[in-house]
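J.: Contents of protein30.txt (compact mmCIF, C-alpha atoms):
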# COMPACT_ATOMS: atom_id res chain seq x y z
CA MET A 1 16.70 39.27 18.04
CA ARG A 2 18.37 35.97 17.17
CA PRO A 3 15.96 33.02 17.52
CA ASN A 4 16.95 30.41 20.07
CA VAL A 5 17.70 26.78 19.18
CA SER A 6 14.25 25.50 20.14
CA THR A 7 12.55 28.06 17.86
CA VAL A 8 14.74 27.08 14.92
CA SER A 9 13.96 23.42 15.56
CA VAL A 10 10.23 24.07 15.53
CA VAL A 11 10.46 26.03 12.26
CA LEU A 12 12.50 23.28 10.62
CA MET A 13 9.99 20.65 11.70
CA VAL A 14 7.10 22.66 10.24
CA LEU A 15 8.96 23.07 6.94
CA ILE A 16 9.74 19.36 6.73
CA THR A 17 6.15 18.41 7.51
CA THR A 18 4.89 20.80 4.84
CA LEU A 19 7.27 19.61 2.13
CA LEU A 20 6.70 15.92 2.66
CA VAL A 21 3.36 14.47 1.66
CA ALA A 22 3.83 11.77 4.32
CA PRO A 23 6.44 10.53 6.80
CA ALA A 24 9.63 8.99 5.48
CA THR A 25 8.35 5.48 6.16
CA SER A 26 5.45 5.95 3.75
CA GLN A 27 5.11 8.90 1.45
CA VAL A 28 4.06 10.23 -1.90
CA THR A 29 7.20 11.59 -3.51
CA PRO A 30 6.77 15.37 -3.91
CA GLU A 31 8.26 15.20 -7.42
CA ILE A 32 5.55 14.95 -10.04
CA THR A 33 6.12 13.61 -13.54
CA LYS A 34 3.96 14.96 -16.37
CA HIS A 35 3.10 12.84 -19.37
CA PHE A 36 1.77 14.65 -22.44
CA GLY A 37 -0.76 13.77 -25.13
CA MET A 38 -3.81 12.84 -23.01
CA CYS A 39 -5.46 13.78 -19.70
CA ASP A 40 -7.68 11.01 -18.41
CA ALA A 41 -5.35 8.25 -17.21
CA SER A 42 -7.79 5.52 -16.23
CA ALA A 43 -5.98 2.14 -16.34
CA ALA A 44 -2.35 1.12 -16.73
CA VAL A 45 0.21 -1.67 -16.39
CA ALA A 46 3.99 -1.86 -16.57
CA VAL A 47 5.60 -2.96 -19.82
CA GLY A 48 9.08 -3.88 -18.72
CA PRO A 49 10.98 -2.11 -15.93
CA THR A 50 10.98 1.41 -17.42
CA MET A 51 7.71 1.92 -19.32
CA PHE A 52 3.96 1.65 -18.85
CA VAL A 53 0.95 1.40 -21.14
CA VAL A 54 -2.09 3.47 -20.20
CA ALA A 55 -5.70 3.80 -21.32
CA ASN A 56 -7.57 7.09 -21.58
CA ASP A 57 -11.28 6.81 -20.75
CA GLU A 58 -12.05 9.49 -23.34
CA ASP A 59 -10.92 7.45 -26.38
CA ASN A 60 -9.99 3.91 -27.42
CA VAL A 61 -6.23 4.44 -27.73
CA LEU A 62 -3.52 2.76 -25.67
CA ARG A 63 -0.36 4.82 -25.14
CA VAL A 64 3.09 3.87 -23.91
CA TYR A 65 5.20 6.26 -21.77
CA ARG A 66 8.51 6.14 -19.96
CA ARG A 67 7.84 5.92 -16.27
CA ASP A 68 10.24 8.56 -14.93
CA LYS A 69 10.47 11.06 -17.78
CA SER A 70 8.16 13.96 -18.43
CA GLY A 71 7.48 14.00 -22.13
CA GLU A 72 5.65 12.58 -25.09
CA LEU A 73 4.40 9.05 -25.56
CA THR A 74 6.56 6.47 -27.32
CA HIS A 75 3.94 4.18 -28.89
CA THR A 76 0.18 4.14 -29.57
CA LEU A 77 -2.44 1.60 -30.52
CA ASP A 78 -5.96 2.58 -31.60
CA LEU A 79 -8.31 -0.23 -30.57
CA THR A 80 -11.43 1.05 -32.29
CA SER A 81 -11.44 -1.48 -35.13
CA PHE A 82 -10.80 -4.32 -32.67
CA LEU A 83 -13.46 -3.29 -30.13
CA LYS A 84 -16.10 -2.64 -32.81
CA PRO A 85 -18.01 -0.02 -30.83
CA ASP A 86 -21.28 1.66 -31.70
CA MET A 87 -19.94 4.38 -33.99
CA GLU A 88 -22.53 6.93 -32.80
CA HIS A 89 -21.05 6.58 -29.31
CA PRO A 90 -17.68 4.88 -29.83
CA GLU A 91 -16.03 5.63 -26.48
CA ALA A 92 -15.34 2.31 -24.74
CA ASP A 93 -14.53 3.93 -21.37
CA ILE A 94 -11.58 1.66 -20.48
CA GLU A 95 -11.19 1.71 -16.70
CA GLY A 96 -9.15 -1.26 -15.47
CA ALA A 97 -6.13 -3.32 -16.52
CA THR A 98 -3.94 -6.10 -15.18
CA ARG A 99 -1.19 -8.31 -16.56
CA ILE A 100 -0.71 -12.08 -16.56
CA GLY A 101 2.54 -13.02 -18.29
CA GLU A 102 2.67 -11.27 -21.67
CA ARG A 103 -1.09 -10.75 -21.73
CA VAL A 104 -2.82 -7.63 -20.47
CA TYR A 105 -6.52 -7.84 -19.64
CA TRP A 106 -8.56 -4.65 -19.96
CA ILE A 107 -12.08 -3.89 -18.74
CA THR A 108 -14.46 -1.04 -19.50
CA SER A 109 -16.92 0.60 -17.11
CA HIS A 110 -19.94 -1.45 -18.30
CA GLY A 111 -22.17 1.46 -17.37
CA THR A 112 -24.42 3.98 -19.06
CA ASN A 113 -23.47 7.56 -19.77
CA LYS A 114 -23.81 10.11 -16.98
CA ASN A 115 -27.52 10.58 -17.78
CA GLY A 116 -28.39 6.89 -17.64
CA GLU A 117 -28.55 6.45 -21.42
CA PRO A 118 -27.39 3.05 -22.74
CA ARG A 119 -23.85 2.85 -24.08
CA PRO A 120 -23.23 -0.65 -25.50
CA SER A 121 -19.69 0.34 -26.48
CA ARG A 122 -18.79 0.33 -22.77
CA HIS A 123 -19.50 -3.40 -22.42
CA ARG A 124 -16.10 -4.88 -23.19
CA LEU A 125 -13.59 -7.22 -21.58
CA PHE A 126 -10.61 -7.76 -23.86
CA ALA A 127 -6.90 -8.54 -23.98
CA THR A 128 -3.68 -7.48 -25.66
CA GLU A 129 -0.28 -9.12 -25.93
CA VAL A 130 2.88 -7.15 -25.13
CA ASN A 131 6.25 -7.71 -26.78
CA ILE A 132 9.36 -5.76 -25.77
CA ALA A 133 12.61 -5.61 -27.74
CA GLY A 134 14.95 -3.05 -26.20
CA ASP A 135 13.08 0.26 -26.28
CA GLN A 136 10.58 -1.02 -28.84
CA VAL A 137 7.16 -2.01 -27.51
CA THR A 138 4.61 -3.83 -29.63
CA ILE A 139 1.02 -4.19 -28.42
CA THR A 140 -1.28 -6.55 -30.29
CA PRO A 141 -4.97 -7.28 -29.63
CA THR A 142 -5.64 -10.96 -29.00
CA GLY A 143 -8.73 -13.13 -28.85
CA ARG A 144 -12.03 -11.31 -29.04
CA PRO A 145 -13.70 -8.56 -27.03
CA TYR A 146 -16.25 -10.09 -24.66
CA LYS A 147 -19.59 -8.24 -24.47
CA GLY A 148 -21.67 -10.45 -22.20
CA LEU A 149 -20.35 -9.60 -18.73
CA VAL A 150 -23.42 -7.65 -17.54
CA LYS A 151 -25.67 -10.59 -18.44
CA ASP A 152 -23.33 -12.91 -16.55
CA LEU A 153 -23.38 -10.63 -13.51
CA ALA A 154 -27.18 -10.42 -13.61
CA LYS A 155 -27.80 -14.17 -13.84
CA THR A 156 -25.18 -15.41 -11.35
CA PRO A 157 -27.13 -16.64 -8.27
CA ALA A 158 -24.51 -15.45 -5.78
CA LEU A 159 -24.89 -11.88 -7.09
CA LYS A 160 -28.68 -11.62 -7.34
CA ASP A 161 -29.03 -9.52 -4.17
CA TYR A 162 -26.94 -6.74 -5.77
CA LYS A 163 -29.29 -6.32 -8.76
CA LEU A 164 -26.37 -5.61 -11.07
CA GLY A 165 -28.50 -5.99 -14.18
CA ASP A 166 -30.73 -3.16 -12.97
CA ALA A 167 -27.72 -1.16 -11.80
CA ALA A 168 -26.26 -1.27 -15.31
CA LYS A 169 -29.27 0.74 -16.51
CA ARG A 170 -28.76 3.57 -14.01
CA PRO A 171 -26.37 6.53 -14.14
CA PRO A 172 -22.97 5.13 -13.06
CA GLU A 173 -22.52 7.61 -10.20
CA GLN A 174 -26.05 7.22 -8.82
CA VAL A 175 -25.80 6.10 -5.20
CA LYS A 176 -28.34 3.85 -3.55
CA LYS A 177 -31.24 5.57 -1.80
CA PRO A 178 -34.56 4.22 -0.48
CA ASN A 179 -36.45 2.66 -3.41
CA GLN A 180 -33.57 3.51 -5.74
CA VAL A 181 -30.94 1.17 -7.19
CA ALA A 182 -27.35 2.40 -7.33
CA GLY A 183 -25.59 2.66 -10.68
CA LEU A 184 -22.96 0.28 -12.00
CA ASN A 185 -19.39 1.40 -12.65
CA ILE A 186 -16.43 -1.00 -12.94
CA GLU A 187 -13.08 0.72 -12.41
CA GLY A 188 -10.56 -1.87 -11.25
CA LEU A 189 -9.14 -5.18 -12.42
CA SER A 190 -6.47 -7.33 -10.78
CA ALA A 191 -4.88 -10.69 -11.48
CA THR A 192 -4.80 -13.12 -8.58
CA PRO A 193 -1.85 -15.41 -7.78
CA GLN A 194 -4.02 -18.30 -9.05
CA GLY A 195 -4.47 -16.75 -12.52
CA ALA A 196 -8.05 -15.53 -12.07
CA LEU A 197 -9.18 -11.90 -12.20
CA LEU A 198 -10.86 -9.72 -9.59
CA ILE A 199 -13.39 -7.30 -11.06
CA ALA A 200 -13.57 -4.23 -8.83
CA PHE A 201 -16.55 -1.88 -8.63
CA ARG A 202 -16.54 1.84 -7.95
CA ASN A 203 -20.32 1.54 -7.72
CA PRO A 204 -22.51 0.01 -6.32
CA ILE A 205 -21.23 -0.09 -2.75
CA PRO A 206 -23.59 -2.61 -1.06
CA ASN A 207 -24.22 -1.73 2.57
CA GLY A 208 -21.29 0.66 2.45
CA LYS A 209 -18.78 -1.99 1.33
CA ALA A 210 -16.75 -2.16 -1.87
CA LEU A 211 -17.64 -5.03 -4.20
CA LEU A 212 -15.20 -7.46 -5.84
CA VAL A 213 -16.30 -10.28 -8.15
CA PRO A 214 -13.85 -13.05 -9.13
CA LEU A 215 -13.70 -14.00 -12.81
CA GLU A 216 -12.37 -17.54 -12.84
CA ASN A 217 -11.89 -18.24 -16.56
CA PRO A 218 -10.54 -15.08 -18.23
CA LYS A 219 -8.43 -16.96 -20.78
CA GLU A 220 -11.39 -19.00 -22.02
CA VAL A 221 -13.71 -15.99 -22.13
CA ILE A 222 -11.29 -14.14 -24.38
CA GLU A 223 -10.28 -17.07 -26.58
CA LYS A 224 -13.36 -19.25 -26.95
CA LYS A 225 -16.38 -17.99 -28.84
CA GLY A 226 -19.58 -18.52 -26.89
CA GLN A 227 -17.77 -19.09 -23.59
CA ALA A 228 -19.54 -17.26 -20.76
CA ALA A 229 -17.77 -15.85 -17.73
CA THR A 230 -17.59 -18.06 -14.66
CA LEU A 231 -18.03 -15.75 -11.69
CA GLY A 232 -17.10 -16.67 -8.15
CA LYS A 233 -18.45 -15.71 -4.76
CA PRO A 234 -18.52 -11.93 -4.29
CA ILE A 235 -16.18 -10.27 -1.81
CA LEU A 236 -17.22 -7.21 0.20
CA LEU A 237 -14.51 -4.97 1.64
CA SER A 238 -14.76 -2.26 4.27
CA LEU A 239 -13.11 0.79 2.70
CA GLY A 240 -14.78 3.54 4.69
CA GLY A 241 -17.81 3.67 2.40
CA ARG A 242 -15.63 4.04 -0.70
CA GLY A 243 -15.59 2.06 -3.91
CA ILE A 244 -12.50 0.79 -5.72
CA ARG A 245 -10.68 2.96 -8.26
CA SER A 246 -7.68 0.67 -8.78
CA ILE A 247 -6.41 -2.62 -7.37
CA GLU A 248 -3.32 -4.73 -8.01
CA TYR A 249 -1.58 -7.66 -6.38
CA PHE A 250 1.85 -6.62 -5.04
CA GLU A 251 3.88 -9.81 -5.32
CA ALA A 252 6.78 -8.41 -3.29
CA TRP A 253 4.46 -8.12 -0.29
CA GLY A 254 2.06 -10.95 -1.06
CA LYS A 255 -0.79 -8.46 -0.67
CA TYR A 256 -3.14 -6.37 -2.75
CA LEU A 257 -2.94 -2.59 -2.82
CA ILE A 258 -6.20 -0.72 -3.37
CA VAL A 259 -6.90 2.90 -4.28
CA ALA A 260 -10.36 3.58 -2.87
CA GLY A 261 -12.52 6.60 -3.67
CA PRO A 262 -16.09 7.85 -3.71
CA PRO A 263 -18.73 6.46 -6.11
CA ASN A 264 -19.22 9.98 -7.46
CA ASP A 265 -16.99 13.05 -7.51
CA THR A 266 -17.51 14.01 -3.87
CA GLY A 267 -15.10 12.54 -1.34
CA ASP A 268 -11.50 11.63 -0.70
CA PHE A 269 -9.13 8.84 -1.71
CA THR A 270 -7.29 6.38 0.51
CA LEU A 271 -4.68 3.70 -0.16
CA TYR A 272 -5.30 0.30 1.47
CA GLN A 273 -3.43 -2.97 1.77
CA TRP A 274 -5.35 -6.25 1.85
CA SER A 275 -4.27 -9.85 2.35
CA GLY A 276 -6.71 -11.23 -0.22
CA ALA A 277 -8.68 -13.18 2.38
CA SER A 278 -12.37 -12.29 2.23
CA SER A 279 -12.58 -12.59 6.01
CA GLU A 280 -9.87 -9.98 6.60
CA VAL A 281 -10.48 -6.24 6.67
CA PRO A 282 -8.18 -4.09 4.48
CA GLU A 283 -5.83 -1.80 6.37
CA PRO A 284 -5.63 1.87 5.41
CA ILE A 285 -2.19 3.39 4.87
CA PRO A 286 -2.99 6.82 6.33
CA GLU A 287 0.51 8.21 5.84
CA VAL A 288 -0.06 8.21 2.07
CA THR A 289 -2.26 11.07 0.89
CA PHE A 290 -3.34 12.18 -2.56
CA GLN A 291 -3.72 15.92 -2.10
CA GLY A 292 -4.34 17.62 -5.42
CA LEU A 293 -4.44 14.32 -7.32
CA HIS A 294 -7.27 12.21 -8.72
CA PRO A 295 -5.75 8.70 -8.49
CA GLU A 296 -7.18 6.25 -11.02
CA ALA A 297 -4.43 3.70 -11.70
CA LEU A 298 -1.62 2.10 -9.71
CA ILE A 299 1.29 0.31 -11.35
CA MET A 300 3.60 -2.40 -10.02
CA TYR A 301 6.93 -2.76 -11.85
CA PRO A 302 8.83 -6.05 -12.18
CA GLY A 303 11.63 -6.29 -9.67
CA GLU A 304 10.44 -3.20 -7.76
CA ARG A 305 9.96 -4.18 -4.12
CA THR A 306 9.50 -0.89 -2.29
CA LYS A 307 7.40 1.53 -4.35
CA ILE A 308 4.50 1.81 -6.75
CA GLN A 309 3.48 4.43 -9.27
CA ILE A 310 0.13 6.23 -9.12
CA LEU A 311 -1.43 7.92 -12.15
CA SER A 312 -3.84 10.83 -11.81
CA ASP A 313 -6.89 11.34 -14.02
CA ASP A 314 -6.43 15.02 -14.85
CA GLY A 315 -9.33 15.44 -17.25
CA GLU A 316 -10.78 18.30 -15.20
CA VAL A 317 -7.50 20.11 -14.55
CA GLN A 318 -7.77 23.56 -16.10
CA VAL A 319 -5.78 24.27 -19.25
CA GLU A 320 -6.19 27.79 -20.60
CA GLY A 321 -9.57 28.12 -18.89
CA ARG A 322 -10.96 24.75 -20.06
CA ASP A 323 -11.01 21.21 -18.70
CA CYS A 324 -7.93 19.40 -19.96
CA LYS A 325 -10.12 16.79 -21.68
CA HIS A 326 -12.08 19.43 -23.63
CA LYS A 327 -11.90 18.82 -27.37
CA LYS A 328 -10.67 22.38 -27.98
CA VAL A 329 -7.54 21.84 -25.89
CA GLU A 330 -4.64 21.04 -28.20
CA PRO A 331 -3.28 17.47 -27.77
CA ALA A 332 0.21 18.84 -27.11
CA LYS A 333 -1.15 20.73 -24.09
CA LYS A 334 -2.99 17.77 -22.62
CA SER A 335 -1.23 15.92 -19.81
CA PHE A 336 -1.66 13.74 -16.75
CA ARG A 337 0.55 13.38 -13.69
CA SER A 338 2.23 10.47 -11.97
CA VAL A 339 3.83 10.17 -8.54
CA TRP A 340 5.66 7.42 -6.66
CA VAL A 341 4.32 5.98 -3.42
CA THR A 342 6.41 4.08 -0.89
CA PRO A 343 3.83 2.28 1.30
Produce C-alpha cells that represent the structure in this file.
T.:
Amino acid sequence: MRPNVSTVSVVLMVLITTLLVAPATSQVTPEITKHFGMCDASAAVAVGPTMFVVANDEDNVLRVYRRDKSGELTHTLDLTSFLKPDMEHPEADIEGATRIGERVYWITSHGTNKNGEPRPSRHRLFATEVNIAGDQVTITPTGRPYKGLVKDLAKTPALKDYKLGDAAKRPPEQVKKPNQVAGLNIEGLSATPQGALLIAFRNPIPNGKALLVPLENPKEVIEKKGQAATLGKPILLSLGGRGIRSIEYFEAWGKYLIVAGPPNDTGDFTLYQWSGASSEVPEPIPEVTFQGLHPEALIMYPGERTKIQILSDDGEVQVEGRDCKHKKVEPAKKSFRSVWVTP
C-alpha cells in the first residue's frame, strides 16, 4: 500500500530530527573532524583564521592543527624545559588557554593527582607568543612560569570562605560532602575585554554554583619576578550544579560562552551564554547538545561571527580495546574530534 502524504511527512520529519544534533537556528554540525597524534584535547586557541594550537593534558607539548582538515599536526612545541616540572611526575596537566593579542596565556589544573597526592608540576600559569607567516606558525615561551597561584588563592580575603588552599590538597574530583572539603580543579581561562583573565573552576562548586576568579595583572605576573597575582572579587554562576570546562569571550556577540560539565565524570554538558555581569544568570543554549562528545575546549576564530569550534577530550575513547590515551596505543592511532557549533 502506498503511504499517504501525511505519513511521508511524518517520516521525513523524524529523519531530519535524527540527523540534526539541534535545530537549524542552533546546532552542532553532524560532520566531525578528526585530528591525529594525541587524544586528550584540554585547552586551545585560534592561531590565525585557519589553525589552532591545542594542549594535551597527558603531556607538556603544544600542537598546531588545521581547523577543518582531518589529519596530522603541523607544528609542535615541547614545553618541558620551560615549565621545569618535577621530573618524577612531569605532567603539567594544562587545562585552560586564552589569547590577548599575540600572547597566549595557559593555566594548569593546580590540583593533586586522582588519589590526592601532591603534584607540584601542575601549579603553573605561563604564556607563549604566537607568530604567523603564511602557513608557518612559531610558538615561543615568554616570561616565566608562575607557581604561586594556589598560595594567592588561599590568602586572598575575598576567597577565604572557599578554602581553596585546603581544596588543593584533595583529589580534584572530590565533591563537597558534610565535613569534607571539595577538591580543586582549574579547567578554564578567558581574557576579559579589559585585559584581565577569568580563572574558571571545574571544582569546587560552592553551594552548587560555578566559581570564577578574576586575575587582574596577568602581564605583570608573567613578566616580573616576585610579582604575586592580584585576584578580584569571585563570581558565582548558576550552571545547573555544573563546573566550568571551558570559557571564552565571544567578541562578535559581546558575551561569554561557557561549556559547563560535572566536577567528576558523572553528568552531562551544557553550553551557556553569559553577559559578563556577576548579577546576571547565564542562559543555557538547550538546542546545542554534545552527545557522544566530551567537550573540553571552545575556540573563537578572528572574523568568525556565527560559529565556534568545540574540541572533545577523547582520552577514554577505545582504540583497539584500550583507552586512546594508553601508552601502548601508537601515536599515529591517537586522535581527538572537533565539531562546529552555531549558537
J.: So how far away is atom CA of A:Gly321 from atom CA of A:Gly71, in Å?
T.: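 For atom CA of A:Gly71 relative to atom CA of A:Gly321, the distance reads 22.4 Å.
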J.: One number please: atom CA of A:Gly48 to atom CA of A:Phe36, in Å, one decimal.
T.: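 Separating atom CA of A:Gly48 from atom CA of A:Phe36 is a distance of 20.3 Å.
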J.: Within 10 Å of A:Asp268, counting only C-alpha atoms, which residues qualify if same-chain residues fewer than 5 places away don't, as a list in words?
T.: Arg242, Ala260, Gly261, Pro262, Thr289, Phe290, Gln291 and His294 of chain A
J.: One decimal, Å: what's the distance from atom CA of A:Ser246 over to atom CA of A:Asp161, could you say?
T.: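 Atom CA of A:Asp161 lies at a distance of 24.1 Å from atom CA of A:Ser246.
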J.: Identify which of the residues A:Pro214, A:Glu95, A:His326, A:Ala191 lies closest to A:Ile244, counting only C-alpha atoms when measuring atom-to-atom distances.
T.: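 Ranked by minimum distance to A:Ile244, first place goes to A:Glu95.
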J.: May I ask which of the residues A:Val281, A:Ala41, A:Ile186, A:Ile308 is the closest one to A:Pro295, counting all atoms listed in the file?
T.: A:Ala41
J.: Select, from A:His110, A:Lys255, A:Arg144, A:Lys224, the residue with the minimum atom-to-atom distance to A:Asn203, counting all atoms listed in the file.
T.: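 Result for the nearest residue to A:Asn203: A:His110.
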J.: Please check which residues have atoms at most 12 Å from (-5.9, 1.7, -7.7) in the file's coordinates, counting only C-alpha atoms, and write them as a ChimeraX atom specification.
T.: /A:41-45,95-98,187-190,200-202,243-250,256-261,269-273,290,294-300,308-313,341
J.: Rank A:Lys160, A:Lys328, A:Lys169, A:Arg99 by their smallest atom-to-atom distance to A:Pro234, using all atoms listed in the file, and report the top residue only.
T.: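 When distances to A:Pro234 are compared using all atoms listed in the file, the smallest one comes from A:Lys160.
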J.: Since the input is missing atoms, can you rebuild N, CA and C atoms for stretch 79-101 of chain A and write them as a PDB file, in the frame of the given file?
T.:
ATOM      1  N   LEU A  79      -7.589   1.028 -30.687  1.00  0.00           N
ATOM      2  CA  LEU A  79      -8.310  -0.230 -30.570  1.00  0.00           C
ATOM      3  C   LEU A  79      -9.696  -0.204 -31.202  1.00  0.00           C
ATOM      4  N   THR A  80     -10.059   0.896 -31.822  1.00  0.00           N
ATOM      5  CA  THR A  80     -11.430   1.050 -32.290  1.00  0.00           C
ATOM      6  C   THR A  80     -11.869  -0.084 -33.215  1.00  0.00           C
ATOM      7  N   SER A  81     -11.047  -0.434 -34.195  1.00  0.00           N
ATOM      8  CA  SER A  81     -11.440  -1.480 -35.130  1.00  0.00           C
ATOM      9  C   SER A  81     -11.541  -2.838 -34.453  1.00  0.00           C
ATOM     10  N   PHE A  82     -10.765  -3.058 -33.415  1.00  0.00           N
ATOM     11  CA  PHE A  82     -10.800  -4.320 -32.670  1.00  0.00           C
ATOM     12  C   PHE A  82     -12.025  -4.393 -31.765  1.00  0.00           C
ATOM     13  N   LEU A  83     -12.352  -3.295 -31.084  1.00  0.00           N
ATOM     14  CA  LEU A  83     -13.460  -3.290 -30.130  1.00  0.00           C
ATOM     15  C   LEU A  83     -14.819  -3.228 -30.807  1.00  0.00           C
ATOM     16  N   LYS A  84     -14.853  -2.744 -32.053  1.00  0.00           N
ATOM     17  CA  LYS A  84     -16.100  -2.640 -32.810  1.00  0.00           C
ATOM     18  C   LYS A  84     -17.212  -1.962 -32.003  1.00  0.00           C
ATOM     19  N   PRO A  85     -17.003  -0.729 -31.613  1.00  0.00           N
ATOM     20  CA  PRO A  85     -18.010  -0.020 -30.830  1.00  0.00           C
ATOM     21  C   PRO A  85     -19.161   0.478 -31.704  1.00  0.00           C
ATOM     22  N   ASP A  86     -20.205   0.935 -31.036  1.00  0.00           N
ATOM     23  CA  ASP A  86     -21.280   1.660 -31.700  1.00  0.00           C
ATOM     24  C   ASP A  86     -20.694   2.983 -32.173  1.00  0.00           C
ATOM     25  N   MET A  87     -20.658   3.225 -33.474  1.00  0.00           N
ATOM     26  CA  MET A  87     -19.940   4.380 -33.990  1.00  0.00           C
ATOM     27  C   MET A  87     -20.639   5.705 -33.678  1.00  0.00           C
ATOM     28  N   GLU A  88     -21.898   5.682 -33.250  1.00  0.00           N
ATOM     29  CA  GLU A  88     -22.530   6.930 -32.800  1.00  0.00           C
ATOM     30  C   GLU A  88     -21.990   7.336 -31.432  1.00  0.00           C
ATOM     31  N   HIS A  89     -21.620   6.341 -30.630  1.00  0.00           N
ATOM     32  CA  HIS A  89     -21.050   6.580 -29.310  1.00  0.00           C
ATOM     33  C   HIS A  89     -19.887   5.606 -29.122  1.00  0.00           C
ATOM     34  N   PRO A  90     -18.754   5.875 -29.763  1.00  0.00           N
ATOM     35  CA  PRO A  90     -17.680   4.880 -29.830  1.00  0.00           C
ATOM     36  C   PRO A  90     -16.806   4.750 -28.595  1.00  0.00           C
ATOM     37  N   GLU A  91     -16.918   5.659 -27.647  1.00  0.00           N
ATOM     38  CA  GLU A  91     -16.030   5.630 -26.480  1.00  0.00           C
ATOM     39  C   GLU A  91     -16.264   4.368 -25.648  1.00  0.00           C
ATOM     40  N   ALA A  92     -15.220   3.559 -25.496  1.00  0.00           N
ATOM     41  CA  ALA A  92     -15.340   2.310 -24.740  1.00  0.00           C
ATOM     42  C   ALA A  92     -15.254   2.524 -23.232  1.00  0.00           C
ATOM     43  N   ASP A  93     -14.665   3.616 -22.796  1.00  0.00           N
ATOM     44  CA  ASP A  93     -14.530   3.930 -21.370  1.00  0.00           C
ATOM     45  C   ASP A  93     -13.723   2.852 -20.638  1.00  0.00           C
ATOM     46  N   ILE A  94     -12.477   2.661 -21.086  1.00  0.00           N
ATOM     47  CA  ILE A  94     -11.580   1.660 -20.480  1.00  0.00           C
ATOM     48  C   ILE A  94     -11.176   2.125 -19.091  1.00  0.00           C
ATOM     49  N   GLU A  95     -11.379   1.274 -18.087  1.00  0.00           N
ATOM     50  CA  GLU A  95     -11.190   1.710 -16.700  1.00  0.00           C
ATOM     51  C   GLU A  95     -10.265   0.831 -15.868  1.00  0.00           C
ATOM     52  N   GLY A  96      -9.987  -0.385 -16.294  1.00  0.00           N
ATOM     53  CA  GLY A  96      -9.150  -1.260 -15.470  1.00  0.00           C
ATOM     54  C   GLY A  96      -8.235  -2.108 -16.335  1.00  0.00           C
ATOM     55  N   ALA A  97      -7.081  -2.489 -15.779  1.00  0.00           N
ATOM     56  CA  ALA A  97      -6.130  -3.320 -16.520  1.00  0.00           C
ATOM     57  C   ALA A  97      -5.283  -4.109 -15.529  1.00  0.00           C
ATOM     58  N   THR A  98      -4.850  -5.290 -15.982  1.00  0.00           N
ATOM     59  CA  THR A  98      -3.940  -6.100 -15.180  1.00  0.00           C
ATOM     60  C   THR A  98      -3.194  -7.035 -16.122  1.00  0.00           C
ATOM     61  N   ARG A  99      -2.049  -7.512 -15.675  1.00  0.00           N
ATOM     62  CA  ARG A  99      -1.190  -8.310 -16.560  1.00  0.00           C
ATOM     63  C   ARG A  99      -0.960  -9.706 -15.998  1.00  0.00           C
ATOM     64  N   ILE A 100      -1.073 -10.706 -16.878  1.00  0.00           N
ATOM     65  CA  ILE A 100      -0.710 -12.080 -16.560  1.00  0.00           C
ATOM     66  C   ILE A 100       0.265 -12.542 -17.639  1.00  0.00           C
ATOM     67  N   GLY A 101       1.537 -12.679 -17.297  1.00  0.00           N
ATOM     68  CA  GLY A 101       2.540 -13.020 -18.290  1.00  0.00           C
ATOM     69  C   GLY A 101       2.662 -11.909 -19.324  1.00  0.00           C
TER      70      GLY A 101
END
